[in-house]
file start_34.cif (mmCIF, C-alpha atoms)
data_query
loop_
_atom_site.label_atom_id
_atom_site.label_comp_id
_atom_site.auth_asym_id
_atom_site.auth_seq_id
_atom_site.Cartn_x
_atom_site.Cartn_y
_atom_site.Cartn_z
CA MET A 1 70.13 120.69 34.58
CA SER A 2 67.57 120.00 31.87
CA ASP A 3 67.80 122.06 28.70
CA GLY A 4 64.01 122.49 28.85
CA ALA A 5 63.99 124.37 32.18
CA TYR A 6 63.49 128.12 32.39
CA ILE A 7 65.67 129.75 35.03
CA HIS A 8 65.45 133.51 35.52
CA PRO A 9 68.91 135.11 35.28
CA SER A 10 68.64 136.48 38.82
CA ALA A 11 67.90 133.06 40.36
CA HIS A 12 70.75 131.26 42.12
CA ILE A 13 71.03 127.51 41.45
CA GLU A 14 73.88 125.86 43.30
CA ASP A 15 76.04 123.17 41.71
CA GLY A 16 74.63 119.70 42.33
CA ALA A 17 70.94 120.65 42.12
CA LYS A 18 68.89 118.47 39.78
CA ILE A 19 66.38 120.38 37.66
CA GLY A 20 63.94 118.44 35.45
CA ASP A 21 62.28 119.23 32.12
CA ASP A 22 59.88 122.17 31.88
CA VAL A 23 60.76 123.47 35.35
CA THR A 24 60.33 127.23 35.87
CA ILE A 25 62.33 129.09 38.51
CA GLY A 26 61.47 132.75 39.02
CA PRO A 27 63.50 135.85 39.87
CA TYR A 28 65.74 135.80 42.95
CA SER A 29 64.86 132.26 43.95
CA ILE A 30 67.55 130.12 45.56
CA VAL A 31 67.95 126.36 45.06
CA GLY A 32 70.49 124.47 47.15
CA PRO A 33 72.99 121.83 45.99
CA ALA A 34 71.08 118.79 47.31
CA VAL A 35 67.69 119.79 45.87
CA GLU A 36 65.87 117.80 43.18
CA ILE A 37 63.03 119.44 41.26
CA GLU A 38 61.05 117.15 38.98
CA GLU A 39 59.57 117.96 35.60
CA GLY A 40 56.92 120.61 35.24
CA ALA A 41 57.38 122.10 38.71
CA ARG A 42 57.21 125.87 39.13
CA LEU A 43 59.00 128.07 41.64
CA GLY A 44 57.84 131.67 41.75
CA PRO A 45 60.04 134.64 42.69
CA HIS A 46 61.96 134.75 45.97
CA VAL A 47 61.46 131.04 46.81
CA VAL A 48 64.14 129.31 48.89
CA VAL A 49 64.55 125.53 48.62
CA GLU A 50 67.47 124.10 50.56
CA GLY A 51 68.72 120.97 52.30
CA ARG A 52 68.08 117.53 50.83
CA THR A 53 64.69 118.30 49.32
CA LYS A 54 62.69 116.73 46.51
CA ILE A 55 59.89 118.66 44.78
CA GLY A 56 57.53 116.44 42.77
CA LYS A 57 56.18 116.84 39.28
CA ARG A 58 54.04 119.90 38.48
CA SER A 59 54.11 121.19 42.04
CA GLN A 60 53.86 124.97 42.38
CA LEU A 61 55.71 126.99 45.01
CA TYR A 62 54.64 130.63 45.29
CA GLN A 63 56.71 133.63 46.29
CA PHE A 64 58.54 133.74 49.61
CA CYS A 65 58.15 130.02 50.44
CA SER A 66 60.87 128.41 52.53
CA VAL A 67 61.18 124.65 51.98
CA GLY A 68 63.83 122.35 53.42
CA ALA A 69 65.33 124.65 56.05
CA ALA A 70 66.71 123.19 59.27
CA PRO A 71 64.03 122.13 61.78
CA GLN A 72 63.09 124.46 64.62
CA ASP A 73 64.23 121.90 67.16
CA LEU A 74 67.01 122.58 69.67
CA LYS A 75 68.05 118.90 69.52
CA TYR A 76 68.86 119.16 65.81
CA ALA A 77 72.63 119.01 65.28
CA GLY A 78 72.95 119.20 61.51
CA GLU A 79 72.05 115.57 60.69
CA ASP A 80 71.41 114.68 57.05
CA THR A 81 67.62 114.73 56.93
CA LEU A 82 65.19 115.58 54.16
CA VAL A 83 61.90 116.88 52.80
CA GLU A 84 59.90 114.94 50.22
CA ILE A 85 57.06 116.71 48.41
CA GLY A 86 54.98 114.74 45.90
CA ALA A 87 53.32 115.72 42.65
CA ASP A 88 50.72 118.42 41.92
CA ASN A 89 51.01 120.28 45.20
CA ILE A 90 50.18 123.99 45.51
CA ILE A 91 52.26 125.73 48.18
CA ARG A 92 51.31 129.36 48.61
CA GLU A 93 53.02 132.50 49.86
CA PHE A 94 55.22 132.46 52.99
CA VAL A 95 54.70 128.75 53.71
CA THR A 96 57.49 127.11 55.72
CA ILE A 97 58.25 123.38 55.52
CA ASN A 98 61.17 122.14 57.63
CA ARG A 99 63.21 119.01 57.08
CA GLY A 100 63.11 116.07 59.49
CA THR A 101 65.19 115.19 62.52
CA ALA A 102 67.21 112.08 63.30
CA GLY A 103 64.99 111.35 66.28
CA GLY A 104 61.77 111.53 64.27
CA GLY A 105 62.58 109.37 61.27
CA GLY A 106 64.49 112.01 59.35
CA VAL A 107 61.80 112.87 56.79
CA THR A 108 59.13 115.55 56.47
CA ARG A 109 56.77 114.28 53.79
CA LEU A 110 53.85 115.64 51.76
CA GLY A 111 51.97 113.40 49.35
CA ASP A 112 50.23 114.42 46.12
CA GLY A 113 47.66 117.06 45.28
CA ASN A 114 47.78 119.04 48.52
CA LEU A 115 46.89 122.72 48.91
CA VAL A 116 48.98 124.53 51.51
CA MET A 117 47.71 128.10 51.86
CA ALA A 118 49.63 131.24 52.78
CA TYR A 119 51.60 131.36 56.05
CA ALA A 120 50.99 127.70 56.92
CA HIS A 121 53.80 125.86 58.70
CA VAL A 122 54.72 122.17 58.43
CA ALA A 123 57.27 121.28 61.09
CA HIS A 124 59.92 118.58 61.19
CA ASP A 125 58.97 114.92 60.73
CA CYS A 126 55.35 115.63 59.76
CA SER A 127 53.62 113.26 57.36
CA VAL A 128 50.83 114.76 55.23
CA GLY A 129 48.87 112.46 52.92
CA ASN A 130 47.15 113.23 49.61
CA ARG A 131 44.51 115.86 48.76
CA VAL A 132 44.91 117.57 52.13
CA VAL A 133 44.07 121.27 52.59
CA LEU A 134 46.01 123.36 55.11
CA ALA A 135 44.27 126.74 55.20
CA ASN A 136 45.90 130.09 55.94
CA ALA A 137 48.27 130.11 58.92
CA ALA A 138 47.52 126.49 59.87
CA THR A 139 50.39 125.30 62.05
CA LEU A 140 51.59 121.72 62.42
CA ALA A 141 54.02 121.00 65.24
CA GLY A 142 56.61 118.25 64.87
CA HIS A 143 55.68 114.63 64.11
CA VAL A 144 52.05 115.37 63.17
CA GLN A 145 50.40 112.83 60.86
CA ILE A 146 47.54 113.80 58.55
CA GLU A 147 45.70 111.21 56.49
CA ASP A 148 44.25 111.73 53.00
CA ARG A 149 41.58 114.35 52.22
CA ALA A 150 41.64 116.02 55.62
CA THR A 151 41.04 119.78 55.89
CA VAL A 152 42.81 121.90 58.49
CA GLY A 153 41.12 125.29 58.85
CA GLY A 154 42.74 128.70 59.12
CA LEU A 155 44.73 129.53 62.27
CA VAL A 156 44.48 125.95 63.53
CA ALA A 157 47.35 124.78 65.75
CA VAL A 158 48.07 121.05 65.98
CA HIS A 159 50.13 119.70 68.90
CA GLN A 160 53.18 117.47 68.43
CA PHE A 161 52.51 113.79 67.63
CA VAL A 162 48.79 114.34 66.99
CA ARG A 163 47.14 112.35 64.18
CA ILE A 164 44.39 113.75 61.97
CA GLY A 165 42.25 111.04 60.38
CA GLN A 166 41.14 110.60 56.80
CA GLY A 167 38.50 113.07 55.66
CA ALA A 168 38.47 114.94 58.97
CA PHE A 169 37.66 118.65 59.10
CA LEU A 170 39.21 121.02 61.67
CA GLY A 171 37.28 124.25 62.15
CA GLY A 172 39.12 127.57 62.02
CA GLY A 173 41.12 128.48 65.09
CA ALA A 174 40.95 125.02 66.66
CA MET A 175 43.61 124.08 69.19
CA VAL A 176 44.13 120.36 68.63
CA SER A 177 45.91 118.38 71.34
CA LEU A 178 44.33 114.93 70.81
CA ASP A 179 43.91 112.72 67.75
CA VAL A 180 40.97 113.62 65.50
CA PRO A 181 39.14 110.49 64.26
CA PRO A 182 38.61 109.97 60.52
CA PHE A 183 35.54 111.52 58.85
CA CYS A 184 34.76 113.75 61.86
CA ILE A 185 34.52 117.51 62.45
CA ALA A 186 36.50 118.98 65.34
CA ALA A 187 36.59 122.56 66.57
CA GLY A 188 37.32 124.67 69.62
CA ASP A 189 39.98 125.08 72.29
CA ARG A 190 40.71 122.31 73.16
CA ALA A 191 39.16 120.74 70.08
CA SER A 192 36.12 118.51 70.55
CA LEU A 193 33.97 116.63 68.06
CA HIS A 194 30.99 118.24 66.33
CA GLY A 195 29.64 115.36 64.26
CA LEU A 196 30.54 113.74 60.97
CA ASN A 197 32.03 115.65 58.04
CA VAL A 198 29.05 114.70 55.88
CA ILE A 199 29.67 117.33 53.21
CA GLY A 200 33.26 116.16 52.84
CA LEU A 201 32.16 112.54 52.69
CA ARG A 202 29.74 113.27 49.86
CA ARG A 203 32.30 115.34 47.98
CA SER A 204 34.75 112.46 48.17
CA GLY A 205 32.20 110.20 46.47
CA LEU A 206 31.15 107.95 49.35
CA SER A 207 27.72 106.38 48.98
CA GLU A 208 24.76 107.29 51.17
CA GLU A 209 24.83 103.73 52.52
CA THR A 210 28.43 104.20 53.68
CA ILE A 211 27.55 107.55 55.26
CA LYS A 212 24.65 105.85 57.05
CA GLU A 213 27.05 103.21 58.41
CA LEU A 214 29.42 105.94 59.61
CA ARG A 215 26.55 107.83 61.30
CA SER A 216 25.64 104.68 63.20
CA ALA A 217 29.27 104.10 64.19
CA TYR A 218 29.63 107.72 65.34
CA ARG A 219 26.56 107.39 67.57
CA THR A 220 27.90 104.19 69.09
CA LEU A 221 31.36 105.63 69.71
CA PHE A 222 30.63 109.18 70.80
CA GLN A 223 26.95 109.64 71.63
CA SER A 224 26.19 106.57 73.70
CA SER A 225 26.86 106.16 77.40
CA LYS A 226 29.34 103.37 76.75
CA LYS A 227 33.06 103.59 77.43
CA LEU A 228 35.13 103.92 74.28
CA LYS A 229 36.70 100.48 74.63
CA GLU A 230 33.26 98.90 74.99
CA ALA A 231 31.90 100.87 72.01
CA LEU A 232 34.81 99.70 69.85
CA GLN A 233 34.06 96.11 70.75
CA ILE A 234 30.43 96.61 69.71
CA LEU A 235 31.61 97.82 66.29
CA ARG A 236 33.90 94.81 65.99
CA ASP A 237 31.07 92.45 66.88
CA GLN A 238 28.71 94.01 64.34
CA GLN A 239 31.17 93.32 61.48
CA SER A 240 29.32 95.55 59.07
CA GLY A 241 31.91 95.04 56.33
CA CYS A 242 32.15 98.80 55.77
CA ALA A 243 35.83 99.65 55.13
CA GLU A 244 35.38 103.20 56.40
CA VAL A 245 33.90 102.04 59.72
CA GLN A 246 36.76 99.56 60.04
CA HIS A 247 39.28 102.35 59.44
CA LEU A 248 37.57 104.56 62.01
CA ALA A 249 37.77 101.80 64.62
CA ASP A 250 41.38 100.93 63.77
CA PHE A 251 42.44 104.58 63.99
CA ILE A 252 40.89 105.03 67.44
CA GLU A 253 42.28 101.75 68.70
CA ALA A 254 45.81 102.73 67.63
CA SER A 255 45.71 106.15 69.33
CA GLU A 256 48.46 106.82 71.83
CA ARG A 257 47.47 110.38 72.78
CA GLY A 258 43.75 109.71 73.06
CA VAL A 259 41.06 111.01 70.72
CA CYS A 260 38.85 114.08 70.63
CA ARG A 261 35.34 113.35 71.88
#
call {"tool": "encode", "arguments": {"input": "start_34.cif", "output": "structure tokens"}}
result
Amino acid sequence: MSDGAYIHPSAHIEDGAKIGDDVTIGPYSIVGPAVEIEEGARLGPHVVVEGRTKIGKRSQLYQFCSVGAAPQDLKYAGEDTLVEIGADNIIREFVTINRGTAGGGGVTRLGDGNLVMAYAHVAHDCSVGNRVVLANAATLAGHVQIEDRATVGGLVAVHQFVRIGQGAFLGGGAMVSLDVPPFCIAAGDRASLHGLNVIGLRRSGLSEETIKELRSAYRTLFQSSKKLKEALQILRDQQSGCAEVQHLADFIEASERGVCR
């Protein structure tokens, strides 16, 4: 344990835990023996971090979080799996993040700079990228993949194995059972597309020319009378050179569940 950490006297830190410089651990929090907390991280009161879990630099865990508990999967038999949380994450009250399963790769992973709001749930074997927002009570089933800068609205439920593309926006209360393409808005039960996430694209710094290219690609893919496979081939043939259009096409082409339309 680092000499520079502040641990409240009522907190319980088990032998074997690794606590970095300038870490703060609040009253009545519990840290298990296989946990690593990197420098500058902050755990509020009544936080539980267990299992083989790594908390990245400067991440903040608010009161009553549960991170690293066993997955809610009846097949789980105590295998040595883990949670990896990157730097600069904000994880708010009553969030639950479960460790992975042997059948799903063994790792539940969050990247850097994410905001996970109160009561959200990240299930076993999920992979969440960077700068993602999970709003209040957003629920990710097992094996969900979310790319960078996506926003998952409040009370959204995402089915197992679904992928959420880069910069996508899921409207509040959406029930998402198919992959959501990058840069798109999806909403409803079952979720369907409602255009491009233009506000999000501008906020992320994309040029108007790139947004124009994405608008054209969206029309070709989702607003024409062409079958999706044929529309993808049209995009390939056009070879616009736009990296975002290329990513959109690649994401759709790689879908195993099918995509929202």
call {"tool": "resolve_selection", "arguments": {"input": "start_34.cif", "expression": "the PyMOL selection byres ((chain A and resi 50) around 8)", "output": "PyMOL selection string"}}
result
chain A and resi 30-35+48-49+51-53+67-69
call {"tool": "closest_residue", "arguments": {"input": "start_34.cif", "among": "A:Tyr76, A:Ile85, A:Glu14, A:Gly195", "to": "Ile37 of chain A", "atoms": "only C-alpha atoms"}}
result
A:Ile85
call {"tool": "resolve_selection", "arguments": {"input": "start_34.cif", "expression": "the PyMOL selection byres ((chain A and resi 47) around 9)", "output": "JSON, numbers by chain"}}
result
{"A": [25, 26, 27, 28, 29, 30, 31, 43, 44, 45, 46, 48, 49, 61, 62, 63, 64, 65, 66, 67, 94]}
call {"tool": "closest_residue", "arguments": {"input": "start_34.cif", "among": "A:Ser255, A:Gln223, A:Thr210, A:Ser177", "to": "Ala243 of chain A", "atoms": "all atoms listed in the file"}}
result
A:Thr210
call {"tool": "resolve_selection", "arguments": {"input": "start_34.cif", "expression": "the PyMOL selection byres ((chain A and resi 83) around 6)", "output": "VMD selection string"}}
result
chain A and resid 53 68 82 84 99 107 to 109
call {"tool": "residues_around", "arguments": {"input": "start_34.cif", "residues": "segment 87-93 of chain A", "least_positions_apart": "5", "cutoff": "12 Å", "atoms": "only C-alpha atoms", "output": "PyMOL selection string"}}
result
chain A and resi 37-48+54-67+109-122+128-137
call {"tool": "decode", "arguments": {"input": "start_34.cif", "residues": "segment 80-214 of chain A", "atoms": "C-alpha atoms", "output": "PDB file, in the first residue's frame"}}
result
ATOM      1  CA  ASP A  80     -10.602 -16.755 -12.236  1.00  0.00           C
ATOM      2  CA  THR A  81     -11.947 -13.900 -14.330  1.00  0.00           C
ATOM      3  CA  LEU A  82     -11.552 -10.145 -14.053  1.00  0.00           C
ATOM      4  CA  VAL A  83     -12.710  -6.562 -14.480  1.00  0.00           C
ATOM      5  CA  GLU A  84     -10.474  -3.919 -16.042  1.00  0.00           C
ATOM      6  CA  ILE A  85     -11.467  -0.259 -15.697  1.00  0.00           C
ATOM      7  CA  GLY A  86      -9.288   2.381 -17.352  1.00  0.00           C
ATOM      8  CA  ALA A  87      -8.377   5.912 -16.353  1.00  0.00           C
ATOM      9  CA  ASP A  88     -10.598   8.929 -15.617  1.00  0.00           C
ATOM     10  CA  ASN A  89     -13.877   7.066 -15.366  1.00  0.00           C
ATOM     11  CA  ILE A  90     -16.793   8.360 -13.281  1.00  0.00           C
ATOM     12  CA  ILE A  91     -18.931   5.561 -11.853  1.00  0.00           C
ATOM     13  CA  ARG A  92     -21.926   6.851  -9.943  1.00  0.00           C
ATOM     14  CA  GLU A  93     -24.161   5.559  -7.165  1.00  0.00           C
ATOM     15  CA  PHE A  94     -25.404   1.940  -7.131  1.00  0.00           C
ATOM     16  CA  VAL A  95     -23.669   0.970 -10.393  1.00  0.00           C
ATOM     17  CA  THR A  96     -22.916  -2.751 -10.744  1.00  0.00           C
ATOM     18  CA  ILE A  97     -20.082  -4.076 -12.923  1.00  0.00           C
ATOM     19  CA  ASN A  98     -19.605  -7.855 -12.950  1.00  0.00           C
ATOM     20  CA  ARG A  99     -16.454  -9.746 -13.831  1.00  0.00           C
ATOM     21  CA  GLY A 100     -16.190 -11.919 -16.933  1.00  0.00           C
ATOM     22  CA  THR A 101     -16.872 -15.592 -17.547  1.00  0.00           C
ATOM     23  CA  ALA A 102     -14.626 -18.309 -18.923  1.00  0.00           C
ATOM     24  CA  GLY A 103     -16.960 -18.774 -21.881  1.00  0.00           C
ATOM     25  CA  GLY A 104     -16.924 -15.094 -22.826  1.00  0.00           C
ATOM     26  CA  GLY A 105     -13.227 -14.289 -22.766  1.00  0.00           C
ATOM     27  CA  GLY A 106     -12.956 -13.815 -19.019  1.00  0.00           C
ATOM     28  CA  VAL A 107     -12.803 -10.006 -18.964  1.00  0.00           C
ATOM     29  CA  THR A 108     -15.313  -7.208 -18.446  1.00  0.00           C
ATOM     30  CA  ARG A 109     -13.575  -4.077 -19.686  1.00  0.00           C
ATOM     31  CA  LEU A 110     -14.194  -0.319 -19.604  1.00  0.00           C
ATOM     32  CA  GLY A 111     -11.827   2.054 -21.377  1.00  0.00           C
ATOM     33  CA  ASP A 112     -10.986   5.634 -20.399  1.00  0.00           C
ATOM     34  CA  GLY A 113     -13.089   8.686 -19.648  1.00  0.00           C
ATOM     35  CA  ASN A 114     -16.480   7.005 -19.394  1.00  0.00           C
ATOM     36  CA  LEU A 115     -19.457   8.287 -17.392  1.00  0.00           C
ATOM     37  CA  VAL A 116     -21.589   5.530 -15.878  1.00  0.00           C
ATOM     38  CA  MET A 117     -24.597   7.102 -14.170  1.00  0.00           C
ATOM     39  CA  ALA A 118     -26.538   5.864 -11.154  1.00  0.00           C
ATOM     40  CA  TYR A 119     -28.063   2.364 -11.182  1.00  0.00           C
ATOM     41  CA  ALA A 120     -26.498   1.369 -14.510  1.00  0.00           C
ATOM     42  CA  HIS A 121     -25.453  -2.266 -14.916  1.00  0.00           C
ATOM     43  CA  VAL A 122     -22.538  -3.644 -16.948  1.00  0.00           C
ATOM     44  CA  ALA A 123     -22.796  -7.423 -17.144  1.00  0.00           C
ATOM     45  CA  HIS A 124     -20.129 -10.080 -17.612  1.00  0.00           C
ATOM     46  CA  ASP A 125     -17.806  -9.968 -20.621  1.00  0.00           C
ATOM     47  CA  CYS A 126     -18.958  -6.539 -21.821  1.00  0.00           C
ATOM     48  CA  SER A 127     -16.463  -4.304 -23.601  1.00  0.00           C
ATOM     49  CA  VAL A 128     -17.046  -0.552 -23.308  1.00  0.00           C
ATOM     50  CA  GLY A 129     -14.749   1.810 -25.210  1.00  0.00           C
ATOM     51  CA  ASN A 130     -13.677   5.363 -24.369  1.00  0.00           C
ATOM     52  CA  ARG A 131     -15.789   8.473 -23.660  1.00  0.00           C
ATOM     53  CA  VAL A 132     -18.993   6.438 -23.487  1.00  0.00           C
ATOM     54  CA  VAL A 133     -22.012   7.643 -21.478  1.00  0.00           C
ATOM     55  CA  LEU A 134     -24.322   5.116 -19.823  1.00  0.00           C
ATOM     56  CA  ALA A 135     -27.211   7.149 -18.413  1.00  0.00           C
ATOM     57  CA  ASN A 136     -29.273   6.292 -15.336  1.00  0.00           C
ATOM     58  CA  ALA A 137     -30.398   2.657 -15.108  1.00  0.00           C
ATOM     59  CA  ALA A 138     -28.960   1.727 -18.511  1.00  0.00           C
ATOM     60  CA  THR A 139     -28.575  -2.052 -18.563  1.00  0.00           C
ATOM     61  CA  LEU A 140     -26.063  -4.028 -20.605  1.00  0.00           C
ATOM     62  CA  ALA A 141     -26.581  -7.780 -20.805  1.00  0.00           C
ATOM     63  CA  GLY A 142     -23.591 -10.094 -21.167  1.00  0.00           C
ATOM     64  CA  HIS A 143     -21.089  -9.800 -24.022  1.00  0.00           C
ATOM     65  CA  VAL A 144     -22.282  -6.375 -25.215  1.00  0.00           C
ATOM     66  CA  GLN A 145     -19.705  -4.298 -27.117  1.00  0.00           C
ATOM     67  CA  ILE A 146     -19.852  -0.504 -27.169  1.00  0.00           C
ATOM     68  CA  GLU A 147     -17.481   1.537 -29.302  1.00  0.00           C
ATOM     69  CA  ASP A 148     -16.031   4.950 -28.420  1.00  0.00           C
ATOM     70  CA  ARG A 149     -18.199   8.027 -27.768  1.00  0.00           C
ATOM     71  CA  ALA A 150     -21.523   6.208 -27.829  1.00  0.00           C
ATOM     72  CA  THR A 151     -24.359   7.382 -25.563  1.00  0.00           C
ATOM     73  CA  VAL A 152     -26.810   4.941 -24.006  1.00  0.00           C
ATOM     74  CA  GLY A 153     -29.874   6.755 -22.667  1.00  0.00           C
ATOM     75  CA  GLY A 154     -31.662   6.229 -19.381  1.00  0.00           C
ATOM     76  CA  LEU A 155     -33.560   2.960 -18.845  1.00  0.00           C
ATOM     77  CA  VAL A 156     -32.170   1.470 -22.061  1.00  0.00           C
ATOM     78  CA  ALA A 157     -31.829  -2.322 -22.106  1.00  0.00           C
ATOM     79  CA  VAL A 158     -29.297  -3.899 -24.477  1.00  0.00           C
ATOM     80  CA  HIS A 159     -29.613  -7.591 -25.394  1.00  0.00           C
ATOM     81  CA  GLN A 160     -26.722 -10.055 -25.063  1.00  0.00           C
ATOM     82  CA  PHE A 161     -24.057  -9.934 -27.803  1.00  0.00           C
ATOM     83  CA  VAL A 162     -25.356  -6.679 -29.300  1.00  0.00           C
ATOM     84  CA  ARG A 163     -22.810  -4.160 -30.612  1.00  0.00           C
ATOM     85  CA  ILE A 164     -23.259  -0.398 -30.331  1.00  0.00           C
ATOM     86  CA  GLY A 165     -21.240   1.530 -32.904  1.00  0.00           C
ATOM     87  CA  GLN A 166     -18.981   4.521 -32.489  1.00  0.00           C
ATOM     88  CA  GLY A 167     -20.796   7.767 -31.779  1.00  0.00           C
ATOM     89  CA  ALA A 168     -24.227   6.126 -31.725  1.00  0.00           C
ATOM     90  CA  PHE A 169     -27.016   7.528 -29.552  1.00  0.00           C
ATOM     91  CA  LEU A 170     -29.685   5.321 -27.937  1.00  0.00           C
ATOM     92  CA  GLY A 171     -32.816   7.201 -26.895  1.00  0.00           C
ATOM     93  CA  GLY A 172     -34.195   6.741 -23.385  1.00  0.00           C
ATOM     94  CA  GLY A 173     -36.092   3.539 -22.755  1.00  0.00           C
ATOM     95  CA  ALA A 174     -34.964   1.827 -25.961  1.00  0.00           C
ATOM     96  CA  MET A 175     -35.055  -1.964 -26.078  1.00  0.00           C
ATOM     97  CA  VAL A 176     -32.081  -2.882 -28.257  1.00  0.00           C
ATOM     98  CA  SER A 177     -31.943  -6.393 -29.705  1.00  0.00           C
ATOM     99  CA  LEU A 178     -29.938  -5.728 -32.905  1.00  0.00           C
ATOM    100  CA  ASP A 179     -26.620  -3.993 -33.567  1.00  0.00           C
ATOM    101  CA  VAL A 180     -26.799  -0.195 -33.743  1.00  0.00           C
ATOM    102  CA  PRO A 181     -24.617   1.179 -36.575  1.00  0.00           C
ATOM    103  CA  PRO A 182     -21.984   3.838 -35.825  1.00  0.00           C
ATOM    104  CA  PHE A 183     -23.016   7.515 -35.828  1.00  0.00           C
ATOM    105  CA  CYS A 184     -26.750   6.700 -35.817  1.00  0.00           C
ATOM    106  CA  ILE A 185     -29.670   7.403 -33.466  1.00  0.00           C
ATOM    107  CA  ALA A 186     -31.810   4.461 -32.377  1.00  0.00           C
ATOM    108  CA  ALA A 187     -34.915   4.470 -30.207  1.00  0.00           C
ATOM    109  CA  GLY A 188     -38.050   2.495 -29.439  1.00  0.00           C
ATOM    110  CA  ASP A 189     -39.111  -1.055 -28.636  1.00  0.00           C
ATOM    111  CA  ARG A 190     -37.624  -2.813 -30.552  1.00  0.00           C
ATOM    112  CA  ALA A 191     -35.129  -0.090 -31.391  1.00  0.00           C
ATOM    113  CA  SER A 192     -35.116   1.296 -34.934  1.00  0.00           C
ATOM    114  CA  LEU A 193     -33.041   4.002 -36.576  1.00  0.00           C
ATOM    115  CA  HIS A 194     -34.029   7.672 -36.463  1.00  0.00           C
ATOM    116  CA  GLY A 195     -31.289   9.288 -38.520  1.00  0.00           C
ATOM    117  CA  LEU A 196     -27.707  10.343 -37.911  1.00  0.00           C
ATOM    118  CA  ASN A 197     -26.453  11.593 -34.549  1.00  0.00           C
ATOM    119  CA  VAL A 198     -25.493  14.923 -36.120  1.00  0.00           C
ATOM    120  CA  ILE A 199     -25.192  16.809 -32.831  1.00  0.00           C
ATOM    121  CA  GLY A 200     -22.857  14.142 -31.477  1.00  0.00           C
ATOM    122  CA  LEU A 201     -20.816  14.169 -34.669  1.00  0.00           C
ATOM    123  CA  ARG A 202     -20.305  17.926 -34.440  1.00  0.00           C
ATOM    124  CA  ARG A 203     -19.449  17.757 -30.751  1.00  0.00           C
ATOM    125  CA  SER A 204     -16.798  15.148 -31.504  1.00  0.00           C
ATOM    126  CA  GLY A 205     -15.151  17.559 -33.952  1.00  0.00           C
ATOM    127  CA  LEU A 206     -16.000  15.937 -37.281  1.00  0.00           C
ATOM    128  CA  SER A 207     -16.004  18.300 -40.245  1.00  0.00           C
ATOM    129  CA  GLU A 208     -19.142  19.282 -42.136  1.00  0.00           C
ATOM    130  CA  GLU A 209     -17.717  17.510 -45.184  1.00  0.00           C
ATOM    131  CA  THR A 210     -17.458  14.251 -43.215  1.00  0.00           C
ATOM    132  CA  ILE A 211     -21.004  14.695 -41.911  1.00  0.00           C
ATOM    133  CA  LYS A 212     -22.169  15.259 -45.492  1.00  0.00           C
ATOM    134  CA  GLU A 213     -20.478  11.998 -46.543  1.00  0.00           C
ATOM    135  CA  LEU A 214     -22.169  10.155 -43.669  1.00  0.00           C
TER     136      LEU A 214
END
